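structure_19.cif follows (mmCIF, C-alpha atoms):
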data_start
loop_
_atom_site.group_PDB
_atom_site.id
_atom_site.type_symbol
_atom_site.label_atom_id
_atom_site.label_comp_id
_atom_site.auth_asym_id
_atom_site.auth_seq_id
_atom_site.Cartn_x
_atom_site.Cartn_y
_atom_site.Cartn_z
ATOM 1 C CA MET M 1 5.977 7.145 2.430
ATOM 2 C CA LEU M 2 5.291 10.879 2.403
ATOM 3 C CA PHE M 3 3.819 10.667 -1.099
ATOM 4 C CA VAL M 4 1.658 7.691 -0.057
ATOM 5 C CA GLN M 5 0.189 9.373 3.001
ATOM 6 C CA LEU M 6 -0.297 12.744 1.310
ATOM 7 C CA GLY M 7 -2.043 10.946 -1.551
ATOM 8 C CA LEU M 8 -4.337 9.152 0.873
ATOM 9 C CA ALA M 9 -5.112 12.350 2.763
ATOM 10 C CA ALA M 10 -5.837 14.190 -0.490
ATOM 11 C CA SER M 11 -8.121 11.352 -1.607
ATOM 12 C CA VAL M 12 -10.335 11.942 1.424
ATOM 13 C CA GLY M 13 -11.436 15.205 -0.185
ATOM 14 C CA LEU M 14 -13.065 13.224 -3.013
ATOM 15 C CA PHE M 15 -15.165 11.052 -0.702
ATOM 16 C CA SER M 16 -18.054 13.517 -0.586
ATOM 17 C CA SER M 17 -18.240 13.568 -4.407
ATOM 18 C CA VAL M 18 -17.513 9.995 -5.520
ATOM 19 C CA GLY M 19 -17.121 8.027 -2.270
ATOM 20 C CA SER M 20 -14.085 6.039 -1.150
ATOM 21 C CA GLN M 21 -14.420 3.493 -3.947
ATOM 22 C CA GLY M 22 -14.789 6.197 -6.576
ATOM 23 C CA ALA M 23 -11.625 7.891 -5.315
ATOM 24 C CA ALA M 24 -9.771 4.570 -5.446
ATOM 25 C CA TRP M 25 -11.067 3.955 -8.975
ATOM 26 C CA LEU M 26 -9.896 7.358 -10.260
ATOM 27 C CA ARG M 27 -6.425 6.811 -8.836
ATOM 28 C CA LEU M 28 -6.040 3.279 -10.183
ATOM 29 C CA ALA M 29 -7.523 3.990 -13.605
ATOM 30 C CA TRP M 30 -5.282 6.993 -14.211
ATOM 31 C CA ALA M 31 -2.187 5.226 -12.820
ATOM 32 C CA GLY M 32 -2.805 2.239 -15.078
ATOM 33 C CA LEU M 33 -3.247 4.451 -18.131
ATOM 34 C CA LEU M 34 -0.153 6.547 -17.345
ATOM 35 C CA LEU M 35 2.109 3.522 -16.890
ATOM 36 C CA LEU M 36 0.694 1.834 -19.983
ATOM 37 C CA VAL M 37 1.459 4.901 -22.112
ATOM 38 C CA LEU M 38 4.855 5.709 -20.574
ATOM 39 C CA ILE M 39 6.289 2.176 -20.510
ATOM 40 C CA ARG M 40 4.426 0.627 -23.479
ATOM 41 C CA PRO M 41 4.871 -3.035 -22.519
ATOM 42 C CA ARG M 42 5.757 -5.614 -25.173
ATOM 43 C CA PRO M 43 4.776 -9.317 -25.073
ATOM 44 C CA SER M 44 8.428 -10.320 -25.555
ATOM 45 C CA TRP M 45 9.300 -8.841 -22.150
ATOM 46 C CA TYR M 46 7.333 -11.460 -20.221
ATOM 47 C CA SER M 47 7.334 -15.189 -19.772
ATOM 48 C CA ARG M 48 3.931 -16.822 -19.421
ATOM 49 C CA THR M 49 4.419 -17.265 -15.672
ATOM 50 C CA GLY M 50 5.730 -13.730 -15.229
ATOM 51 C CA PHE M 51 2.813 -12.209 -17.118
ATOM 52 C CA LEU M 52 0.212 -14.173 -15.157
ATOM 53 C CA THR M 53 1.904 -13.176 -11.896
ATOM 54 C CA CYS M 54 1.678 -9.524 -12.964
ATOM 55 C CA VAL M 55 -2.035 -9.977 -13.693
ATOM 56 C CA VAL M 56 -2.702 -11.538 -10.280
ATOM 57 C CA LEU M 57 -0.666 -8.746 -8.689
ATOM 58 C CA GLY M 58 -2.907 -6.207 -10.430
ATOM 59 C CA ILE M 59 -6.044 -7.865 -9.045
ATOM 60 C CA VAL M 60 -4.568 -7.863 -5.535
ATOM 61 C CA THR M 61 -3.460 -4.222 -5.934
ATOM 62 C CA ALA M 62 -7.028 -3.202 -6.787
ATOM 63 C CA GLY M 63 -8.407 -5.067 -3.779
ATOM 64 C CA LEU M 64 -5.758 -3.588 -1.483
ATOM 65 C CA THR M 65 -6.405 -0.027 -2.648
ATOM 66 C CA MET M 66 -10.181 -0.259 -2.466
ATOM 67 C CA THR M 67 -10.370 -1.953 0.939
ATOM 68 C CA PHE M 68 -7.880 0.473 2.447
ATOM 69 C CA MET M 69 -9.720 3.491 1.044
ATOM 70 C CA ALA M 70 -12.908 2.111 2.602
ATOM 71 C CA ALA M 71 -11.049 1.829 5.918
ATOM 72 C CA VAL M 72 -9.737 5.416 5.691
ATOM 73 C CA ALA M 73 -13.319 6.601 5.136
ATOM 74 C CA ARG M 74 -14.254 5.153 8.559
ATOM 75 C CA LEU M 75 -11.064 5.345 10.662
ATOM 76 C CA PRO M 76 -8.353 7.949 11.365
ATOM 77 C CA LEU M 77 -5.529 7.701 8.843
ATOM 78 C CA GLY M 78 -2.944 6.691 11.451
ATOM 79 C CA THR M 79 -5.154 3.932 12.874
ATOM 80 C CA ALA M 80 -6.011 2.525 9.434
ATOM 81 C CA SER M 81 -2.348 2.550 8.375
ATOM 82 C CA ALA M 82 -1.227 0.820 11.566
ATOM 83 C CA LEU M 83 -3.836 -1.930 11.173
ATOM 84 C CA GLU M 84 -2.920 -2.381 7.510
ATOM 85 C CA PHE M 85 0.745 -2.648 8.491
ATOM 86 C CA LEU M 86 -0.056 -5.953 10.219
ATOM 87 C CA GLY M 87 0.178 -7.490 6.734
ATOM 88 C CA PRO M 88 3.883 -6.815 6.086
ATOM 89 C CA LEU M 89 4.548 -7.393 9.775
ATOM 90 C CA GLY M 90 3.105 -10.881 9.417
ATOM 91 C CA VAL M 91 5.294 -11.572 6.378
ATOM 92 C CA ALA M 92 8.401 -10.412 8.252
ATOM 93 C CA VAL M 93 7.533 -12.536 11.291
ATOM 94 C CA ALA M 94 6.909 -15.615 9.135
ATOM 95 C CA ARG M 95 10.358 -15.196 7.597
ATOM 96 C CA GLY M 96 12.001 -14.292 10.885
ATOM 97 C CA ARG M 97 14.267 -16.249 13.131
ATOM 98 C CA GLY M 98 14.329 -16.738 16.878
ATOM 99 C CA GLU M 99 13.095 -13.630 18.637
ATOM 100 C CA ALA M 100 10.940 -12.666 15.633
ATOM 101 C CA LYS M 101 8.048 -14.574 17.190
ATOM 102 C CA VAL M 102 7.906 -12.009 20.015
ATOM 103 C CA TRP M 103 6.835 -9.159 17.754
ATOM 104 C CA PRO M 104 3.227 -10.290 17.136
ATOM 105 C CA VAL M 105 2.576 -9.921 20.867
ATOM 106 C CA LEU M 106 3.839 -6.344 20.778
ATOM 107 C CA ALA M 107 1.750 -5.647 17.682
ATOM 108 C CA ALA M 108 -1.348 -7.179 19.291
ATOM 109 C CA VAL M 109 -1.044 -4.795 22.240
ATOM 110 C CA GLY M 110 -0.767 -1.938 19.770
ATOM 111 C CA VAL M 111 -3.905 -3.048 17.921
ATOM 112 C CA VAL M 112 -5.903 -3.192 21.161
ATOM 113 C CA LEU M 113 -4.789 0.338 22.033
ATOM 114 C CA LEU M 114 -5.619 1.541 18.518
ATOM 115 C CA THR M 115 -9.109 0.077 18.391
ATOM 116 C CA ARG M 116 -9.941 0.645 22.107
ATOM 117 C CA PRO M 117 -12.677 -2.016 22.331
ATOM 118 C CA TRP M 118 -13.467 -0.918 25.894
ATOM 119 C CA SER M 119 -14.717 2.459 24.625
ATOM 120 C CA GLY M 120 -17.589 0.975 22.620
ATOM 121 C CA LEU M 121 -16.825 3.490 19.835
ATOM 122 C CA VAL M 122 -14.785 1.273 17.532
ATOM 123 C CA ASP M 123 -15.991 1.149 13.923
ATOM 124 C CA LEU M 124 -15.970 -2.601 13.343
ATOM 125 C CA VAL M 125 -16.642 -2.214 9.624
ATOM 126 C CA GLY M 126 -13.655 0.121 9.277
ATOM 127 C CA VAL M 127 -11.461 -2.257 11.279
ATOM 128 C CA GLY M 128 -12.629 -5.119 9.073
ATOM 129 C CA PHE M 129 -11.687 -3.233 5.909
ATOM 130 C CA ALA M 130 -8.266 -2.346 7.380
ATOM 131 C CA LEU M 131 -7.588 -5.969 8.338
ATOM 132 C CA ALA M 132 -8.673 -7.122 4.865
ATOM 133 C CA ALA M 133 -6.216 -4.597 3.439
ATOM 134 C CA ALA M 134 -3.526 -6.064 5.730
ATOM 135 C CA VAL M 135 -4.093 -9.552 4.297
ATOM 136 C CA LEU M 136 -4.017 -8.193 0.765
ATOM 137 C CA TRP M 137 -0.847 -6.197 1.488
ATOM 138 C CA ALA M 138 0.860 -9.409 2.646
ATOM 139 C CA ALA M 139 -0.172 -11.069 -0.623
ATOM 140 C CA TYR M 140 0.972 -7.964 -2.501
ATOM 141 C CA ILE M 141 4.446 -8.193 -0.976
ATOM 142 C CA LEU M 142 4.893 -11.835 -1.926
ATOM 143 C CA LEU M 143 3.588 -11.303 -5.467
ATOM 144 C CA THR M 144 5.622 -8.130 -6.012
ATOM 145 C CA GLN M 145 8.794 -9.929 -4.973
ATOM 146 C CA ARG M 146 8.058 -12.634 -7.541
ATOM 147 C CA VAL M 147 7.384 -10.022 -10.222
ATOM 148 C CA GLY M 148 10.559 -8.138 -9.273
ATOM 149 C CA ASP M 149 12.590 -11.337 -9.636
ATOM 150 C CA GLU M 150 11.105 -12.232 -13.034
ATOM 151 C CA VAL M 151 10.504 -8.863 -14.742
ATOM 152 C CA SER M 152 13.066 -6.061 -14.921
ATOM 153 C CA GLY M 153 12.564 -2.381 -14.141
ATOM 154 C CA LEU M 154 9.028 -0.998 -14.171
ATOM 155 C CA ARG M 155 7.790 -3.548 -16.693
ATOM 156 C CA GLY M 156 5.818 -5.452 -14.070
ATOM 157 C CA LEU M 157 3.915 -2.300 -13.147
ATOM 158 C CA ALA M 158 3.093 -1.756 -16.820
ATOM 159 C CA VAL M 159 0.873 -4.855 -16.579
ATOM 160 C CA SER M 160 -0.233 -4.914 -12.942
ATOM 161 C CA MET M 161 -1.424 -1.310 -12.733
ATOM 162 C CA PRO M 162 -3.570 -1.374 -15.906
ATOM 163 C CA VAL M 163 -5.113 -4.623 -14.602
ATOM 164 C CA ALA M 164 -5.784 -2.933 -11.262
ATOM 165 C CA GLY M 165 -7.403 -0.029 -13.104
ATOM 166 C CA LEU M 166 -9.627 -2.408 -15.081
ATOM 167 C CA VAL M 167 -10.707 -4.280 -11.939
ATOM 168 C CA ALA M 168 -11.541 -1.018 -10.175
ATOM 169 C CA THR M 169 -13.452 0.162 -13.240
ATOM 170 C CA VAL M 170 -15.594 -2.982 -13.251
ATOM 171 C CA VAL M 171 -16.241 -2.833 -9.489
ATOM 172 C CA ALA M 172 -16.731 0.900 -8.907
ATOM 173 C CA GLY M 173 -16.861 2.638 -12.283
ATOM 174 C CA PRO M 174 -20.548 2.014 -13.108
ATOM 175 C CA PHE M 175 -21.653 3.424 -9.751
ATOM 176 C CA VAL M 176 -19.749 6.716 -9.866
ATOM 177 C CA ALA M 177 -19.234 7.473 -13.565
ATOM 178 C CA GLY M 178 -22.402 9.575 -13.634
ATOM 179 C CA ASP M 179 -21.057 11.828 -10.869
ATOM 180 C CA LEU M 180 -17.817 12.696 -12.649
ATOM 181 C CA THR M 181 -16.942 16.228 -13.687
ATOM 182 C CA VAL M 182 -13.902 17.595 -15.491
ATOM 183 C CA GLU M 183 -12.554 18.837 -12.161
ATOM 184 C CA LEU M 184 -12.916 15.408 -10.540
ATOM 185 C CA VAL M 185 -11.235 13.660 -13.472
ATOM 186 C CA LEU M 186 -8.279 16.063 -13.322
ATOM 187 C CA ALA M 187 -8.088 15.638 -9.542
ATOM 188 C CA GLY M 188 -7.909 11.894 -10.095
ATOM 189 C CA LEU M 189 -5.005 12.383 -12.502
ATOM 190 C CA GLY M 190 -3.098 14.422 -9.932
ATOM 191 C CA LEU M 191 -3.774 11.854 -7.225
ATOM 192 C CA ALA M 192 -2.569 9.041 -9.493
ATOM 193 C CA VAL M 193 0.801 10.788 -9.882
ATOM 194 C CA LEU M 194 0.986 11.376 -6.123
ATOM 195 C CA LEU M 195 -0.081 7.787 -5.404
ATOM 196 C CA PRO M 196 0.850 5.253 -6.755
ATOM 197 C CA VAL M 197 3.098 6.385 -9.666
ATOM 198 C CA MET M 198 5.680 8.420 -7.711
ATOM 199 C CA PRO M 199 5.908 6.118 -4.654
ATOM 200 C CA PHE M 200 6.382 3.006 -6.815
ATOM 201 C CA ALA M 201 9.180 4.642 -8.795
ATOM 202 C CA LEU M 202 10.901 5.899 -5.639
ATOM 203 C CA GLU M 203 10.597 2.478 -3.977
ATOM 204 C CA LEU M 204 12.325 0.808 -6.900
ATOM 205 C CA LEU M 205 15.143 3.373 -6.757
ATOM 206 C CA ALA M 206 15.482 2.877 -3.008
ATOM 207 C CA LEU M 207 15.575 -0.898 -3.312
ATOM 208 C CA ARG M 208 18.512 -0.679 -5.719
ATOM 209 C CA ARG M 209 20.524 0.859 -2.864
ATOM 210 C CA LEU M 210 19.149 -0.840 0.277
ATOM 211 C CA THR M 211 18.778 -4.381 1.534
ATOM 212 C CA THR M 212 15.185 -5.490 1.952
ATOM 213 C CA ALA M 213 15.719 -5.625 5.733
ATOM 214 C CA ALA M 214 16.869 -2.006 5.835
ATOM 215 C CA PHE M 215 14.071 -0.959 3.490
ATOM 216 C CA GLY M 216 11.447 -2.791 5.544
ATOM 217 C CA THR M 217 12.743 -1.230 8.746
ATOM 218 C CA LEU M 218 12.336 2.241 7.257
ATOM 219 C CA MET M 219 8.847 1.330 6.004
ATOM 220 C CA SER M 220 7.887 0.433 9.578
ATOM 221 C CA LEU M 221 7.720 4.162 10.237
ATOM 222 C CA GLU M 222 4.758 4.594 7.867
ATOM 223 C CA PRO M 223 2.016 4.342 10.544
ATOM 224 C CA ALA M 224 3.741 7.150 12.444
ATOM 225 C CA ILE M 225 3.994 9.264 9.293
ATOM 226 C CA ALA M 226 0.298 8.568 8.665
ATOM 227 C CA LEU M 227 -0.472 9.827 12.170
ATOM 228 C CA VAL M 228 1.388 13.085 11.513
ATOM 229 C CA ILE M 229 -0.252 13.613 8.100
ATOM 230 C CA GLY M 230 -3.661 12.853 9.586
ATOM 231 C CA LEU M 231 -3.028 15.476 12.256
ATOM 232 C CA LEU M 232 -1.635 18.191 9.970
ATOM 233 C CA VAL M 233 -3.787 17.685 6.862
ATOM 234 C CA LEU M 234 -7.009 16.088 8.109
ATOM 235 C CA HIS M 235 -6.927 17.570 11.641
ATOM 236 C CA GLN M 236 -7.382 14.121 13.200
ATOM 237 C CA VAL M 237 -6.137 14.585 16.778
ATOM 238 C CA PRO M 238 -5.254 11.207 18.378
ATOM 239 C CA GLY M 239 -5.725 10.378 22.047
ATOM 240 C CA TRP M 240 -3.037 8.811 24.215
ATOM 241 C CA ALA M 241 -4.117 5.233 23.505
ATOM 242 C CA PRO M 242 -3.775 5.462 19.691
ATOM 243 C CA LEU M 243 -0.434 7.227 20.109
ATOM 244 C CA VAL M 244 0.928 4.420 22.283
ATOM 245 C CA GLY M 245 -0.686 1.816 20.036
ATOM 246 C CA ILE M 246 1.007 3.160 16.911
ATOM 247 C CA ALA M 247 4.326 3.253 18.781
ATOM 248 C CA PHE M 248 3.872 -0.454 19.647
ATOM 249 C CA VAL M 249 3.082 -1.370 16.035
ATOM 250 C CA VAL M 250 6.041 0.637 14.696
ATOM 251 C CA ALA M 251 8.374 -0.989 17.243
ATOM 252 C CA ALA M 252 7.071 -4.444 16.321
ATOM 253 C CA GLY M 253 7.545 -3.682 12.642
ATOM 254 C CA ILE M 254 11.141 -2.521 13.108
ATOM 255 C CA GLY M 255 11.957 -5.550 15.235
ATOM 256 C CA ALA M 256 10.354 -8.019 12.849
ATOM 257 C CA GLU M 257 12.018 -6.550 9.770
ATOM 258 C CA ARG M 258 15.435 -6.641 11.408
ATOM 259 C CA THR M 259 15.068 -10.397 11.975
ATOM 260 C CA GLY M 260 13.143 -11.249 8.811
ATOM 261 C CA GLY M 261 15.005 -9.575 5.984
ATOM 262 C CA ARG M 262 15.366 -11.187 2.586
ATOM 263 C CA ASP M 263 18.783 -11.788 1.033
ATOM 264 C CA LEU M 264 19.934 -9.445 -1.698
ATOM 265 C CA PRO M 265 19.085 -10.653 -5.216
ATOM 266 C CA VAL M 266 21.762 -12.102 -7.467
ATOM 267 C CA PRO M 267 23.662 -9.355 -9.338
ATOM 268 C CA GLY M 268 21.943 -8.639 -12.635
ATOM 269 C CA ASN M 269 18.505 -9.531 -11.329
ATOM 270 C CA PRO M 270 16.114 -6.711 -10.426
ATOM 271 C CA PRO M 271 15.554 -6.144 -6.694
ATOM 272 C CA PRO M 272 12.111 -7.000 -5.381
ATOM 273 C CA CYS M 273 9.566 -4.438 -4.249
ATOM 274 C CA THR M 274 8.379 -5.167 -0.729
ATOM 275 C CA THR M 275 5.644 -2.619 -0.215
ATOM 276 C CA ARG M 276 2.694 -1.016 -1.921
#
Mind converting the file's structure to structure tokens?
Amino acid sequence: MLFVQLGLAASVGLFSSVGSQGAAWLRLAWAGLLLLVLIRPRPSWYSRTGFLTCVVLGIVTAGLTMTFMAAVARLPLGTASALEFLGPLGVAVARGRGEAKVWPVLAAVGVVLLTRPWSGLVDLVGVGFALAAAVLWAAYILLTQRVGDEVSGLRGLAVSMPVAGLVATVVAGPFVAGDLTVELVLAGLGLAVLLPVMPFALELLALRRLTTAAFGTLMSLEPAIALVIGLLVLHQVPGWAPLVGIAFVVAAGIGAERTGGRDLPVPGNPPPCTTR
């Protein structure tokens, strides 16, 4: 989570040079290339269904990254992360039992406090991008779990991330390629290691030792970590309403994950990845 939020905060520095979509493209393109070279996927590793699922996951990953970067360009990092977290929260609630249905109400209160519609200052476009990222993150979770069940180790990422890089190249590459310099390209390489290469690897290691419920509960803290990183790195000072709103969303996330955890996979099968 620390790598994710530091990577997002560092990406903000590229916005003035290549925009939010250019920063997302640099990260995805480099990450895809790095994983392709390091893992060197072979056709024999994948069934037809598994390979196609990895491809769809790559398309969703590109959409998730680019919509969330657009949200971060318009909203404080903590607010954008909390709104995006509604995606995994929704998945946990849908899988939950009994009291799990209470958590959306708590999350809704948090969203109102985060966006403060009464102030008239809410960036509706930024909120829209963050909510689109939330929907895509929910799809990402479901697809990544399928990939994790069908493809061992990091082999799924060796397909999904290059696909994500290609999609981002088609969407954003032509518009920002002319603005690239050697410094920007190298910055993109560093950001790709910071996010997503390192977080993905650490998530897989964590999921070999934790149940998905425990892992999801820990991940519920990400909006709070985003708030702290936004304050320390980007100097985004939140008011009382966003602070309380993020606390509501984090509490809803912890509650929903505790009642909506997935069973451990069968021994010998790879554990699923349940986050970005």
Smallest atom-to-atom distance to Trp25 in chain M: which of M:Met66, M:Val12, M:Ala71, M:Ala92, using only C-alpha atoms?
->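 Under the stated criterion, the closest residue is M:Met66.
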Contacts of His235 in chain M within 12 Å, all atoms listed in the file, excl. fewer than 5 positions in-chain, as a list in words |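 Listing them by chain and then by number gives Ala9, Pro76, Leu77, Gly78, Ala226, Leu227, Val228, Ile229 and Gly230 of chain M.
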Expand the PyMOL selection byres ((chain M and resi 64) around 8) into the individual residues it matches in the shown file, reporting them as a list in words.
->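 Answer for the PyMOL selection byres ((chain M and resi 64) around 8): Val60, Thr61, Ala62, Gly63, Thr65, Met66, Thr67, Phe68, Ala132, Ala133, Ala134, Leu136 and Trp137 of chain M.
Among the candidates M:Ser160, M:Gln236, M:Ser81, M:Thr169, the one nearest to Ser220 in chain M when counting all atoms listed in the file is M:Ser81.
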When the PyMOL selection byres ((chain M and resi 253) around 9) is applied to the file above, which residues end up in the set, as number ranges by chain?
-> M: 85-86, 88-89, 92-93, 103, 107, 216-217, 219-221, 248-252, 254-258
Matched chain/residue IDs from the PyMOL selection byres ((chain M and resi 15-23) around 6), as a PDB file with C-alpha atoms, in the frame of the given file:
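The file below, selection-v7.pdb, is the result:
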ATOM      1  CA  VAL M  12     -10.335  11.942   1.424  1.00  0.00           C
ATOM      2  CA  GLY M  13     -11.436  15.205  -0.185  1.00  0.00           C
ATOM      3  CA  LEU M  14     -13.065  13.224  -3.013  1.00  0.00           C
ATOM      4  CA  ALA M  24      -9.771   4.570  -5.446  1.00  0.00           C
ATOM      5  CA  TRP M  25     -11.067   3.955  -8.975  1.00  0.00           C
ATOM      6  CA  LEU M  26      -9.896   7.358 -10.260  1.00  0.00           C
ATOM      7  CA  MET M  66     -10.181  -0.259  -2.466  1.00  0.00           C
ATOM      8  CA  MET M  69      -9.720   3.491   1.044  1.00  0.00           C
ATOM      9  CA  ALA M  70     -12.908   2.111   2.602  1.00  0.00           C
ATOM     10  CA  VAL M 176     -19.749   6.716  -9.866  1.00  0.00           C
TER      11      VAL M 176
END
Could you please determine the separation between CA of Leu28 in chain M and CA of Thr181 in chain M in Å, to one decimal place?
->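 Value for the CA of Leu28 in chain M-CA of Thr181 in chain M distance: 17.3 Å.
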Counting only C-alpha atoms, the option among M:Ala158, M:Leu207, M:Val55, M:Ala31 closest to Leu189 in chain M |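 Among the listed residues, the smallest separation from Leu189 in chain M belongs to M:Ala31.
In terms of minimum interatomic distance to Gly245 in chain M, M:Ala224 ranks closest within M:Ala192, M:Val37, M:Leu121, M:Ala224, counting all atoms listed in the file.
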Interatomic distance between CA of Val122 in chain M and CA of Leu83 in chain M?
->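 According to the coordinates, CA of Val122 in chain M and CA of Leu83 in chain M are separated by 13.1 Å.
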With all atoms listed in the file as the basis for distance, which of M:Ala108, M:Leu195, M:Ala177, M:Val159 is at the shortest distance from Val56 in chain M?
-> M:Val159
So how many Å separate CA of Gly110 in chain M and CA of Ala130 in chain M, to one decimal?
->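 According to the coordinates, CA of Gly110 in chain M and CA of Ala130 in chain M are separated by 14.5 Å.
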Return the single residue from M:Trp240, M:Thr49, M:Leu204, M:Leu36 that is closest to Gly148 in chain M, with distances computed using only C-alpha atoms.
->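 Of all the options, M:Leu204 lies closest to Gly148 in chain M.
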